[in-house]
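To keep things clear, I will list the structure first and then write my remarks on it.
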Amino acid sequence: MIKEQSIKIFPTIDKLAGSFAAFLNQKIDETPEDEFFSIALSGGSTPKIIYKYLSDNFKDKINWEKTKIFFGDERCVPPDDEDSNYRMANESLLKNIPISKENIFRIKGENDPVKEAKRYEEILKSNLTLINKIPQFDLILLGLGEDGHTASIFPNQINMFYSTRLCEVAIHPQTKQKRITLTGKIINNAKQVVFLITGKNKAEVLSKIFDVNNYKNKFPASLVNPENGNLTWLLDMETSKMLDAKSKTKLIK
Ligand code: 6PG
């Protein structure tokens with residue numbers, strides 16, 4: 001059962017980024033002295049903007065040495081490929097902040113996908129606290145695709161969300177590109193999941209995800225339901241424009 005679900009709608013992406021940065025800073029500061037704050041980064045255009053904001057405004061404010069950085073999914077390409085989520089996160093954030101390289105755990109897209117999914121599972125098990133025998137992230141960031149995918153769990157492979165594995169090899173439905181993705185087993189075991197979604201092209205799918213009567217089109221993103229954690233949706237005005245009035249009451253001025 002989600003502990004707390006909240007929707008926050010921001011007039012600009014800058015205000016969304018500022019709110020997220022302050023939230024992240026507070027959570028890291030609250031981390032006990034001898035512990036790390038574990039974050040799974042997402043790919044995507046909105047997360048990229050947030051990472052740049054953190055790099056520009058919080059590189060000296062956040063205690064990055066108290067974080068361990070992981071990835072929610074990765075394209076099966078080398079780390080210097082323009083498609084690589086690691087390359088995007090490194091260029092927009094990681095290379096600019098004071099964090100030890102050994103605290104960055106990228107998914108090695110250049111490896112054999114099946115072997116890499118297994119390797120990454122072991123990385124998660126040995127670096128995260130186990131809750132109910134499942135590794136628990138302090139924070140998982142997620143984006144949302146126009147088709148309702150999240151991480152790299154696509155509607156035509158939605159059952160992958162229920163995998164007994166922590167990581168699976170997915171295939172992008174259009175490009176057929178292989179990807180490594182976290183599954184619902186670890187996503188729904190997180191302390192906190194934050195969706196970062198902006199742009200009018202996500203308004204329709206988001207309204208369907210929030211439509212309680214829309215039991216037909218189950219989307220991977222609508223299966224995100226941290227059993228003992230919090231779920232937060234950080235949206236801009238464009239993305240939220242088709243939400244019902246009740247949801248919109250969360251508008252942050
Ligand atoms: C990825 C992400 C993916 C992304 C959504 C939204 O590897 O691309 O994990 O889930 O967050 O596709 O991407 P945009 O914000 O670019 O639309």
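How things are named: the first chain in the structure tokens is A, the next is B, and so on; residues count from 1 in each chain; ligands count from 1 in the order shown.
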
Give me, as JSON lines, each residue of chain A that comes within 8 Å of ligand 1, together with its shortest interatomic pair and the distance in Å at one decimal, counting only C-alpha atoms and all ligand atoms, with rows ordered by chain and rising residue number.
{"residue": "A:Ser42", "atom": "CA", "partner": "ligand 1", "partner_atom_place_in_ligand_line": "9 (O)", "distance": 4.8}
{"residue": "A:Gly43", "atom": "CA", "partner": "ligand 1", "partner_atom_place_in_ligand_line": "2 (C)", "distance": 3.8}
{"residue": "A:Gly44", "atom": "CA", "partner": "ligand 1", "partner_atom_place_in_ligand_line": "16 (O)", "distance": 3.5}
{"residue": "A:Ser45", "atom": "CA", "partner": "ligand 1", "partner_atom_place_in_ligand_line": "16 (O)", "distance": 3.8}
{"residue": "A:Thr46", "atom": "CA", "partner": "ligand 1", "partner_atom_place_in_ligand_line": "15 (O)", "distance": 4.7}
{"residue": "A:Pro47", "atom": "CA", "partner": "ligand 1", "partner_atom_place_in_ligand_line": "15 (O)", "distance": 6.7}
{"residue": "A:Gly72", "atom": "CA", "partner": "ligand 1", "partner_atom_place_in_ligand_line": "9 (O)", "distance": 6.6}
{"residue": "A:Asp73", "atom": "CA", "partner": "ligand 1", "partner_atom_place_in_ligand_line": "9 (O)", "distance": 5.5}
{"residue": "A:Glu74", "atom": "CA", "partner": "ligand 1", "partner_atom_place_in_ligand_line": "7 (O)", "distance": 5.8}
{"residue": "A:Arg75", "atom": "CA", "partner": "ligand 1", "partner_atom_place_in_ligand_line": "7 (O)", "distance": 6.6}
{"residue": "A:Asn85", "atom": "CA", "partner": "ligand 1", "partner_atom_place_in_ligand_line": "7 (O)", "distance": 6.2}
{"residue": "A:Leu142", "atom": "CA", "partner": "ligand 1", "partner_atom_place_in_ligand_line": "11 (O)", "distance": 5.8}
{"residue": "A:Gly143", "atom": "CA", "partner": "ligand 1", "partner_atom_place_in_ligand_line": "11 (O)", "distance": 3.3}
{"residue": "A:Leu144", "atom": "CA", "partner": "ligand 1", "partner_atom_place_in_ligand_line": "6 (C)", "distance": 4.4}
{"residue": "A:Gly145", "atom": "CA", "partner": "ligand 1", "partner_atom_place_in_ligand_line": "12 (O)", "distance": 4.1}
{"residue": "A:Glu146", "atom": "CA", "partner": "ligand 1", "partner_atom_place_in_ligand_line": "17 (O)", "distance": 6.9}
{"residue": "A:His149", "atom": "CA", "partner": "ligand 1", "partner_atom_place_in_ligand_line": "10 (O)", "distance": 6.1}
{"residue": "A:Thr150", "atom": "CA", "partner": "ligand 1", "partner_atom_place_in_ligand_line": "10 (O)", "distance": 4.1}
{"residue": "A:Ala151", "atom": "CA", "partner": "ligand 1", "partner_atom_place_in_ligand_line": "10 (O)", "distance": 3.7}
{"residue": "A:Ser152", "atom": "CA", "partner": "ligand 1", "partner_atom_place_in_ligand_line": "10 (O)", "distance": 5.4}
{"residue": "A:Ile153", "atom": "CA", "partner": "ligand 1", "partner_atom_place_in_ligand_line": "10 (O)", "distance": 7.7}
{"residue": "A:Leu196", "atom": "CA", "partner": "ligand 1", "partner_atom_place_in_ligand_line": "15 (O)", "distance": 8.0}
{"residue": "A:Ile197", "atom": "CA", "partner": "ligand 1", "partner_atom_place_in_ligand_line": "15 (O)", "distance": 6.6}
{"residue": "A:Thr198", "atom": "CA", "partner": "ligand 1", "partner_atom_place_in_ligand_line": "15 (O)", "distance": 7.3}
{"residue": "A:Lys202", "atom": "CA", "partner": "ligand 1", "partner_atom_place_in_ligand_line": "17 (O)", "distance": 7.8}

Restricted to C-alpha atoms, what would the selected residues look like written as a tab-separated table (two decimals), in the first residue's frame?
chain	number	residue	atom	x	y	z
A	42	SER	CA	16.09	7.64	-15.34
A	43	GLY	CA	16.77	8.40	-18.98
A	44	GLY	CA	14.62	10.83	-20.91
A	45	SER	CA	14.39	14.51	-21.79
A	46	THR	CA	12.76	15.71	-18.55
A	47	PRO	CA	15.22	13.91	-16.25
A	72	GLY	CA	16.72	2.41	-13.70
A	73	ASP	CA	17.40	1.29	-17.23
A	74	GLU	CA	20.00	1.47	-19.97
A	75	ARG	CA	20.13	1.02	-23.69
A	85	ASN	CA	21.51	6.95	-20.46
A	142	LEU	CA	11.12	7.56	-13.55
A	143	GLY	CA	10.05	9.19	-16.79
A	144	LEU	CA	6.92	8.39	-18.79
A	145	GLY	CA	6.73	7.49	-22.45
A	146	GLU	CA	3.79	8.58	-24.63
A	149	HIS	CA	6.11	2.90	-20.65
A	150	THR	CA	8.38	3.66	-17.77
A	151	ALA	CA	11.99	2.67	-17.26
A	152	SER	CA	12.20	0.26	-20.21
A	153	ILE	CA	9.05	-1.71	-19.52
A	196	LEU	CA	9.44	13.54	-13.66
A	197	ILE	CA	7.08	14.37	-16.54
A	198	THR	CA	6.73	17.48	-18.70
A	202	LYS	CA	2.35	13.23	-22.18

Item to check | Surrounding residues of range 16-32 of chain A excluding itself and chain neighbours under 6 positions, 6 Å, only C-alpha atoms, as a ChimeraX atom specification | outcome: /A:10,50,62

Next on the checklist: When DSSP is applied to the backbone of this structure, which of range 168-235 of chain A are assigned strand (DSSP E or B)? Write them out as a PyMOL selection string.
Outcome noted: chain A and resi 168-171+178-182+192-197+230-235

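Pairwise distance (CA of Asp244 in chain A, CA of Phe210 in chain A) equals 8.7 Å.
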
Item to check | Neighbour list for Ile123 in chain A as a PyMOL selection string, cut-off 10 Å, only C-alpha atoms, skip fewer than 6 positions in-chain | outcome: chain A and resi 70+105-107+117+135

Go ahead and write the selection's residues with N, CA, C and O atoms as a PDB file, in the first residue's frame.
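So out31.pdb came out as:
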ATOM      1  N   PHE A  70      22.753   4.790  -9.238  1.00  0.00           N
ATOM      2  CA  PHE A  70      22.479   3.627 -10.089  1.00  0.00           C
ATOM      3  C   PHE A  70      21.606   4.084 -11.262  1.00  0.00           C
ATOM      4  O   PHE A  70      21.318   5.277 -11.389  1.00  0.00           O
ATOM      5  N   PHE A 105      27.240   3.364 -10.305  1.00  0.00           N
ATOM      6  CA  PHE A 105      27.086   1.980 -10.782  1.00  0.00           C
ATOM      7  C   PHE A 105      26.287   2.004 -12.088  1.00  0.00           C
ATOM      8  O   PHE A 105      25.058   1.951 -12.078  1.00  0.00           O
ATOM      9  N   ARG A 106      27.014   2.123 -13.204  1.00  0.00           N
ATOM     10  CA  ARG A 106      26.281   2.150 -14.471  1.00  0.00           C
ATOM     11  C   ARG A 106      25.936   0.733 -14.924  1.00  0.00           C
ATOM     12  O   ARG A 106      26.641  -0.232 -14.572  1.00  0.00           O
ATOM     13  N   ILE A 107      24.875   0.615 -15.661  1.00  0.00           N
ATOM     14  CA  ILE A 107      24.544  -0.648 -16.330  1.00  0.00           C
ATOM     15  C   ILE A 107      25.436  -0.685 -17.576  1.00  0.00           C
ATOM     16  O   ILE A 107      25.454   0.283 -18.348  1.00  0.00           O
ATOM     17  N   ALA A 117      22.287  -8.181 -17.243  1.00  0.00           N
ATOM     18  CA  ALA A 117      21.113  -8.133 -16.345  1.00  0.00           C
ATOM     19  C   ALA A 117      21.418  -8.912 -15.068  1.00  0.00           C
ATOM     20  O   ALA A 117      21.120  -8.459 -13.955  1.00  0.00           O
ATOM     21  N   PRO A 135      16.322  -5.814  -2.718  1.00  0.00           N
ATOM     22  CA  PRO A 135      17.068  -4.547  -2.563  1.00  0.00           C
ATOM     23  C   PRO A 135      16.106  -3.354  -2.565  1.00  0.00           C
ATOM     24  O   PRO A 135      15.122  -3.333  -3.328  1.00  0.00           O
TER      25      PRO A 135
END

Next on the checklist: For the structure I just gave you, how does DSSP split range 28-183 of chain A - specifically, which residues are alpha helix (DSSP H)? Reply as a PyMOL selection string.
Outcome noted: chain A and resi 28-29+45-57+85-92+113-127

Next on the checklist: Using only C-alpha atoms, which protein or nucleic acid residues come within 10 Å of Lys185 in chain A? Drop anything in the same chain fewer than 3 positions from it, and give the result as number ranges by chain.
Outcome noted: A: 134-136, 160-167, 182, 188-190, 224, 226

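Residue nearest His172 in chain A, chosen from A:Ile69, A:Ile97, A:Cys76, A:Leu130 and counting only C-alpha atoms: A:Cys76.
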
Item to check | Selected residue of minimal separation from Ser240 in chain A among A:Asn228, A:Asn111, A:Asn201, A:Ser126, counting only C-alpha atoms | outcome: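 Closest candidate: A:Asn201.
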
Checklist entry - What is the CA of Met88 in chain A-CA of Leu41 in chain A distance in Å, reported with one decimal? => result 10.5 Å

Item to check | Counting only C-alpha atoms, the option among A:Gly184, A:Ile49, A:Asn96, A:Leu54 closest to Thr12 in chain A | outcome: A:Ile49

Next on the checklist: Could you tell me how far CA of Ile209 in chain A sits from CA of Pro155 in chain A, in Å to one decimal place?
Outcome noted: 12.6 Å

Next on the checklist: I need the residue nearest Glu116 in chain A from this list: A:Lys15, A:Lys200, A:Lys241, A:Lys178. Use only C-alpha atoms for the distance.
Outcome noted: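 The shortest atom-to-atom distance to Glu116 in chain A comes from A:Lys178.
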
Checklist entry - Counting only C-alpha atoms, what is within 8 Å of Tyr51 in chain A, bar same-chain residues fewer than 3 positions away, as a list in words? => result Pro47, Lys48, Leu54, Ser55, Ala89, Ser92 and Leu93 of chain A

Just N, CA, C and O atoms for this one: save the residues we selected as a tab-separated table (two decimals), in the first residue's frame.
chain	number	residue	atom	x	y	z
A	47	PRO	N	14.14	14.16	-17.22
A	47	PRO	CA	15.22	13.91	-16.25
A	47	PRO	C	16.51	14.65	-16.64
A	47	PRO	O	17.20	15.20	-15.79
A	48	LYS	N	16.80	14.70	-17.93
A	48	LYS	CA	18.04	15.37	-18.37
A	48	LYS	C	18.04	16.84	-17.94
A	48	LYS	O	19.05	17.36	-17.45
A	54	LEU	N	20.46	20.42	-11.42
A	54	LEU	CA	21.21	20.02	-10.23
A	54	LEU	C	22.69	20.37	-10.40
A	54	LEU	O	23.34	20.90	-9.50
A	55	SER	N	23.21	20.11	-11.58
A	55	SER	CA	24.63	20.40	-11.85
A	55	SER	C	24.91	21.90	-11.77
A	55	SER	O	25.89	22.33	-11.17
A	89	ALA	N	23.47	11.12	-18.39
A	89	ALA	CA	23.56	11.52	-16.97
A	89	ALA	C	24.96	12.02	-16.63
A	89	ALA	O	25.13	12.96	-15.86
A	92	SER	N	25.37	15.57	-18.18
A	92	SER	CA	24.52	16.62	-17.61
A	92	SER	C	24.72	16.77	-16.11
A	92	SER	O	24.41	17.81	-15.55
A	93	LEU	N	25.26	15.75	-15.45
A	93	LEU	CA	25.38	15.83	-13.98
A	93	LEU	C	26.66	15.20	-13.43
A	93	LEU	O	27.49	15.87	-12.83

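Shortest separation to Ile140 in chain A among A:Lys8, A:Arg87, A:Lys191, A:Lys68 occurs at residue A:Lys191, atoms counted being only C-alpha atoms.
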
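Distance annotation: of A:Pro220, A:Leu128, A:Thr175, A:Ala40, the residue with the minimal separation from Asp83 in chain A is A:Thr175; atom set is only C-alpha atoms.
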